[in-house]
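I have placed the structure first, in the form of C-alpha cells, so that the comments after it can refer back to it.
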Amino acid sequence: MPDYTAPNRTNAGRDLFKSMSKKPKAKEPAKKASMAIRVGEYGRYQIKSGYVAGVYTARAFPKPPTRARGLIAEATGKTEEAAITSLYSVIDARETRRGEGRRTDPSTGVQVPTSDEYVEALNSVDLTKPQRAMMMALSLAAADGLTEERVATAGSYKSTASAQNALASAGRMIAGFLSSETGSKARSTRLDGIALIGFCGDPGHEEKSVNWIMHSELCAAIRIAT
C-alpha cells in the first residue's frame, strides 16, 4: 500500500525551486564616501585637505605645538591638489597684506609686526616664565615704560644684562616664527631680536634713567593672548 506518511515530494520540490529562484536584491550603489583627510604643512601652518560634503577642500590651521586654535584660511578646487594650490595662494596673499600693514619704528628702523602677527607668535613660541613676566610688566607700563632695573626685577633677574639677553631671546623666537617662509616673497624685511620687543625712550635729561618701552602692537597682543 502507498505510504501516506511520506513527504509530498512535489510540494517540496516546488518549495525548493521557489526558494532557489529568488535572487538577492542588488545593493544600491554606495554613496561616495568622504576621502581620508590628508595632513601637511605650509610654512608655519598645518594644512588639512580632503573631499568634504561633495567638495574638494583645503584648510589652514596653526601648526602644532601651539595654543592657538581656529581656521586660518580655506580654499576649494576641482581636485584636492587644486584646492591645496589655491589655499597656498590665499595664504601668500594674507602674508603680503600683513607685511604691508607693518609700521616702521622711527627709533630703530625695524618694521613692527601687527598685533595679529604678535598674537599668533605668542601662542606658538615657547617663552619662559621670566620672559613672559617681563613682557607682561612692560605691556602694563605701556607708553611710560620701565627702567632696565624694574624689567629685570619683574623677571627675577639679578642683573640687567641677563634680563636684556632674555628679552632678546624672546624677540628672536618671535622673529623666527614670523619669518617662517610660506612661499610669499613679500616678507623680505629682517626681523631681529630685542628690537621686536620695544625701544629705549628719550631720557629728556642726562641724569634721568632711560625707560624701555614695549611696542604698542605687542602690548595689545599680550592682552589678547594671555
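By order of appearance in the C-alpha cells: chains A, B, ..., then residues from 1 within every chain, and ligands from 1 in the order shown.
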
> Neighbours of Ala60 (chain A) within 10 Å (only C-alpha atoms; same-chain residues fewer than 5 positions away dropped), as a PyMOL selection string?
Replying inline: chain A and resi 39-42+44-49+70-75+84+87-88+90-91

Expected file contents, prior selection, N, CA, C and O atoms, as an mmCIF file, in the first residue's frame:
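Okay, this is what ended up in part.cif:
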```cif
data_model
loop_
_atom_site.group_PDB
_atom_site.id
_atom_site.type_symbol
_atom_site.label_atom_id
_atom_site.label_comp_id
_atom_site.auth_asym_id
_atom_site.auth_seq_id
_atom_site.Cartn_x
_atom_site.Cartn_y
_atom_site.Cartn_z
ATOM 1 N N VAL A 39 47.012 65.417 5.824
ATOM 2 C CA VAL A 39 47.591 66.459 6.670
ATOM 3 C C VAL A 39 48.988 66.801 6.173
ATOM 4 O O VAL A 39 49.818 65.902 5.969
ATOM 5 N N GLY A 40 49.240 68.073 5.950
ATOM 6 C CA GLY A 40 50.550 68.534 5.514
ATOM 7 C C GLY A 40 50.871 69.844 6.188
ATOM 8 O O GLY A 40 50.262 70.217 7.191
ATOM 9 N N GLU A 41 51.818 70.577 5.647
ATOM 10 C CA GLU A 41 52.143 71.879 6.211
ATOM 11 C C GLU A 41 52.645 72.822 5.135
ATOM 12 O O GLU A 41 53.122 72.400 4.071
ATOM 13 N N TYR A 42 52.531 74.088 5.419
ATOM 14 C CA TYR A 42 52.988 75.130 4.501
ATOM 15 C C TYR A 42 53.493 76.281 5.361
ATOM 16 O O TYR A 42 52.704 76.972 6.010
ATOM 17 N N ARG A 44 54.430 78.068 8.438
ATOM 18 C CA ARG A 44 54.082 77.851 9.843
ATOM 19 C C ARG A 44 52.646 77.386 10.027
ATOM 20 O O ARG A 44 52.111 77.424 11.132
ATOM 21 N N TYR A 45 52.021 76.885 8.957
ATOM 22 C CA TYR A 45 50.629 76.458 9.032
ATOM 23 C C TYR A 45 50.478 74.963 8.753
ATOM 24 O O TYR A 45 51.217 74.387 7.954
ATOM 25 N N GLN A 46 49.519 74.360 9.417
ATOM 26 C CA GLN A 46 49.153 72.975 9.142
ATOM 27 C C GLN A 46 48.042 72.972 8.103
ATOM 28 O O GLN A 46 47.076 73.723 8.219
ATOM 29 N N ILE A 47 48.181 72.122 7.092
ATOM 30 C CA ILE A 47 47.209 72.056 6.002
ATOM 31 C C ILE A 47 46.453 70.732 6.074
ATOM 32 O O ILE A 47 47.056 69.662 6.120
ATOM 33 N N LYS A 48 45.120 70.817 6.097
ATOM 34 C CA LYS A 48 44.276 69.624 6.067
ATOM 35 C C LYS A 48 43.408 69.691 4.816
ATOM 36 O O LYS A 48 42.768 70.715 4.559
ATOM 37 N N SER A 49 43.392 68.601 4.053
ATOM 38 C CA SER A 49 42.636 68.604 2.803
ATOM 39 C C SER A 49 41.907 67.282 2.617
ATOM 40 O O SER A 49 42.280 66.258 3.190
ATOM 41 N N GLY A 70 41.625 77.478 15.707
ATOM 42 C CA GLY A 70 40.764 78.126 14.726
ATOM 43 C C GLY A 70 41.307 78.060 13.314
ATOM 44 O O GLY A 70 42.487 77.795 13.066
ATOM 45 N N LEU A 71 40.417 78.297 12.381
ATOM 46 C CA LEU A 71 40.724 78.254 10.957
ATOM 47 C C LEU A 71 41.460 79.520 10.525
ATOM 48 O O LEU A 71 41.043 80.633 10.845
ATOM 49 N N ILE A 72 42.561 79.348 9.795
ATOM 50 C CA ILE A 72 43.332 80.485 9.280
ATOM 51 C C ILE A 72 42.849 80.880 7.895
ATOM 52 O O ILE A 72 42.608 82.051 7.605
ATOM 53 N N ALA A 73 42.693 79.898 7.017
ATOM 54 C CA ALA A 73 42.264 80.175 5.639
ATOM 55 C C ALA A 73 41.677 78.900 5.038
ATOM 56 O O ALA A 73 41.915 77.791 5.530
ATOM 57 N N GLU A 74 40.914 79.062 3.956
ATOM 58 C CA GLU A 74 40.233 77.932 3.326
ATOM 59 C C GLU A 74 40.138 78.166 1.823
ATOM 60 O O GLU A 74 40.037 79.304 1.363
ATOM 61 N N ALA A 75 40.171 77.070 1.051
ATOM 62 C CA ALA A 75 40.018 77.164 -0.396
ATOM 63 C C ALA A 75 39.451 75.845 -0.923
ATOM 64 O O ALA A 75 39.586 74.799 -0.278
ATOM 65 N N ILE A 84 44.503 72.604 -2.675
ATOM 66 C CA ILE A 84 45.706 72.911 -1.898
ATOM 67 C C ILE A 84 46.481 74.060 -2.525
ATOM 68 O O ILE A 84 46.921 74.989 -1.841
ATOM 69 N N LEU A 87 44.781 77.237 -1.858
ATOM 70 C CA LEU A 87 44.971 77.650 -0.462
ATOM 71 C C LEU A 87 46.335 78.308 -0.272
ATOM 72 O O LEU A 87 46.453 79.311 0.449
ATOM 73 N N TYR A 88 47.364 77.765 -0.910
ATOM 74 C CA TYR A 88 48.691 78.385 -0.820
ATOM 75 C C TYR A 88 48.644 79.845 -1.289
ATOM 76 O O TYR A 88 49.254 80.733 -0.672
ATOM 77 N N VAL A 90 46.036 81.813 -1.254
ATOM 78 C CA VAL A 90 45.288 82.590 -0.259
ATOM 79 C C VAL A 90 46.194 82.951 0.916
ATOM 80 O O VAL A 90 46.189 84.090 1.398
ATOM 81 N N ILE A 91 47.003 81.990 1.369
ATOM 82 C CA ILE A 91 47.913 82.240 2.485
ATOM 83 C C ILE A 91 48.961 83.271 2.102
ATOM 84 O O ILE A 91 49.268 84.193 2.876
#
```

>> Would you pick out the contacts of Ala121 (chain A) at 7 Å or less, using only C-alpha atoms, so that residues sharing its chain but fewer than 3 positions from it are not included, and give the list as a list in words?
In response: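 Within the cut-off, the hits are Glu117, Tyr118, Ser124, Val125, Ile174, Phe177 and Leu178 of chain A.
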
Go ahead and write the selection's residues with N, CA, C and O atoms as a tab-separated table (two decimals), in the first residue's frame.
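Wrote out-v7.tsv, looks like this:
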```
chain	number	residue	atom	x	y	z
A	117	GLU	N	49.81	89.47	14.14
A	117	GLU	CA	51.02	88.66	13.99
A	117	GLU	C	51.63	88.33	15.34
A	117	GLU	O	52.05	87.19	15.59
A	118	TYR	N	51.67	89.32	16.21
A	118	TYR	CA	52.21	89.09	17.55
A	118	TYR	C	51.39	88.05	18.31
A	118	TYR	O	51.94	87.19	19.00
A	124	SER	N	52.45	80.54	19.92
A	124	SER	CA	53.20	79.45	19.30
A	124	SER	C	54.61	79.27	19.84
A	124	SER	O	55.10	78.13	19.90
A	125	VAL	N	55.28	80.35	20.22
A	125	VAL	CA	56.65	80.22	20.71
A	125	VAL	C	56.66	79.83	22.19
A	125	VAL	O	55.71	80.11	22.92
A	174	ILE	N	60.21	85.16	18.41
A	174	ILE	CA	59.09	85.77	17.69
A	174	ILE	C	59.48	86.03	16.24
A	174	ILE	O	58.72	85.75	15.31
A	177	PHE	N	59.55	82.80	14.24
A	177	PHE	CA	58.20	82.34	13.89
A	177	PHE	C	57.63	83.17	12.75
A	177	PHE	O	57.10	82.63	11.77
A	178	LEU	N	57.72	84.48	12.86
A	178	LEU	CA	57.12	85.36	11.85
A	178	LEU	C	57.87	85.31	10.53
A	178	LEU	O	57.31	85.69	9.50
```

> Residues of region 34-183 of chain A in helix (DSSP H, G or I) according to DSSP, as JSON, numbers by chain?
Replying inline: {"A": [80, 81, 82, 83, 84, 85, 86, 87, 88, 89, 90, 91, 92, 93, 94, 95, 96, 97, 98, 99, 100, 115, 116, 117, 118, 119, 120, 121, 122, 129, 130, 131, 132, 133, 134, 135, 136, 137, 138, 139, 140, 141, 142, 143, 144, 148, 149, 150, 151, 152, 153, 154, 160, 161, 162, 163, 164, 165, 166, 167, 168, 169, 170, 171, 172, 173, 174, 175, 176, 177, 178]}

>> Using DSSP secondary structure from the backbone, list all strand (DSSP E or B) positions within region 73-128 of chain A, as number ranges by chain.
In response: A: 73-77, 103-104, 111-112

File of the preceding selection, N, CA and C atoms, as an mmCIF file, in the first residue's frame:
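See part-v2.cif below for the written result:
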```
data_model
loop_
_atom_site.group_PDB
_atom_site.id
_atom_site.type_symbol
_atom_site.label_atom_id
_atom_site.label_comp_id
_atom_site.auth_asym_id
_atom_site.auth_seq_id
_atom_site.Cartn_x
_atom_site.Cartn_y
_atom_site.Cartn_z
ATOM 1 N N ALA A 73 42.693 79.898 7.017
ATOM 2 C CA ALA A 73 42.264 80.175 5.639
ATOM 3 C C ALA A 73 41.677 78.900 5.038
ATOM 4 N N GLU A 74 40.914 79.062 3.956
ATOM 5 C CA GLU A 74 40.233 77.932 3.326
ATOM 6 C C GLU A 74 40.138 78.166 1.823
ATOM 7 N N ALA A 75 40.171 77.070 1.051
ATOM 8 C CA ALA A 75 40.018 77.164 -0.396
ATOM 9 C C ALA A 75 39.451 75.845 -0.923
ATOM 10 N N THR A 76 38.809 75.903 -2.072
ATOM 11 C CA THR A 76 38.254 74.711 -2.706
ATOM 12 C C THR A 76 38.799 74.605 -4.129
ATOM 13 N N GLY A 77 38.592 73.432 -4.747
ATOM 14 C CA GLY A 77 39.059 73.237 -6.114
ATOM 15 C C GLY A 77 38.408 72.031 -6.754
ATOM 16 N N ARG A 103 54.313 98.816 10.468
ATOM 17 C CA ARG A 103 54.856 100.177 10.509
ATOM 18 C C ARG A 103 56.346 100.124 10.812
ATOM 19 N N THR A 104 57.046 101.157 10.478
ATOM 20 C CA THR A 104 58.473 101.233 10.753
ATOM 21 C C THR A 104 58.706 102.027 12.033
ATOM 22 N N GLN A 111 60.750 97.157 11.089
ATOM 23 C CA GLN A 111 59.323 97.060 10.807
ATOM 24 C C GLN A 111 58.656 96.287 11.933
ATOM 25 N N VAL A 112 57.673 96.914 12.551
ATOM 26 C CA VAL A 112 56.987 96.305 13.697
ATOM 27 C C VAL A 112 55.797 95.480 13.208
#
```

> Mind pulling up the distance from CA of Met136 (chain A) to CA of Pro65 (chain A)?
Replying inline: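 Separation between CA of Pro65 (chain A) and CA of Met136 (chain A): 22.2 Å.
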
> What does the distance from CA of Lys63 (chain A) to CA of Arg38 (chain A) come to in Å, to one decimal?
Replying inline: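 A separation of 14.3 Å between them.
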
>> Restricting the calculation to only C-alpha atoms: of A:Ala133, A:Ala83, A:Leu196, A:Ile213, which residue gets closest to Arg59 (chain A)?
In response: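 For Arg59 (chain A), the nearest of the given residues is A:Ala83.
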
> Which polymer residues have any atom within 10 Å of an atom of Glu148 (chain A), counting only C-alpha atoms, with same-chain residues fewer than 5 positions away left out, as an NGL selection string?
Replying inline: :A and (153-154 or 159-161 or 163-164 or 200 or 209-212)

> In Å to one decimal, how far is CA of Thr108 (chain A) from CA of Glu95 (chain A)?
Replying inline: 22.9 Å

> If you count only C-alpha atoms, which residues fall within 10 Å of Ala142 (chain A), apart from same-chain ones fewer than 4 positions away, as a list in words?
Replying inline: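 Counting only C-alpha atoms, the residues come to Met136, Ala137, Leu138, Leu146, Trp212, Ile213, Met214, His215, Ser216, Leu218, Cys219 and Ala220 of chain A.
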
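Here the question is which of A:Gly193, A:Gly50, A:Gly198, A:Gly43 gets nearest to Met134 (chain A) using only C-alpha atoms, and that residue is A:Gly198.
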
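The nearest approach to Pro62 (chain A) among the residues A:Asp105, A:Glu120, A:Asp92, A:Glu149, with only C-alpha atoms taken into account, belongs to A:Glu120.
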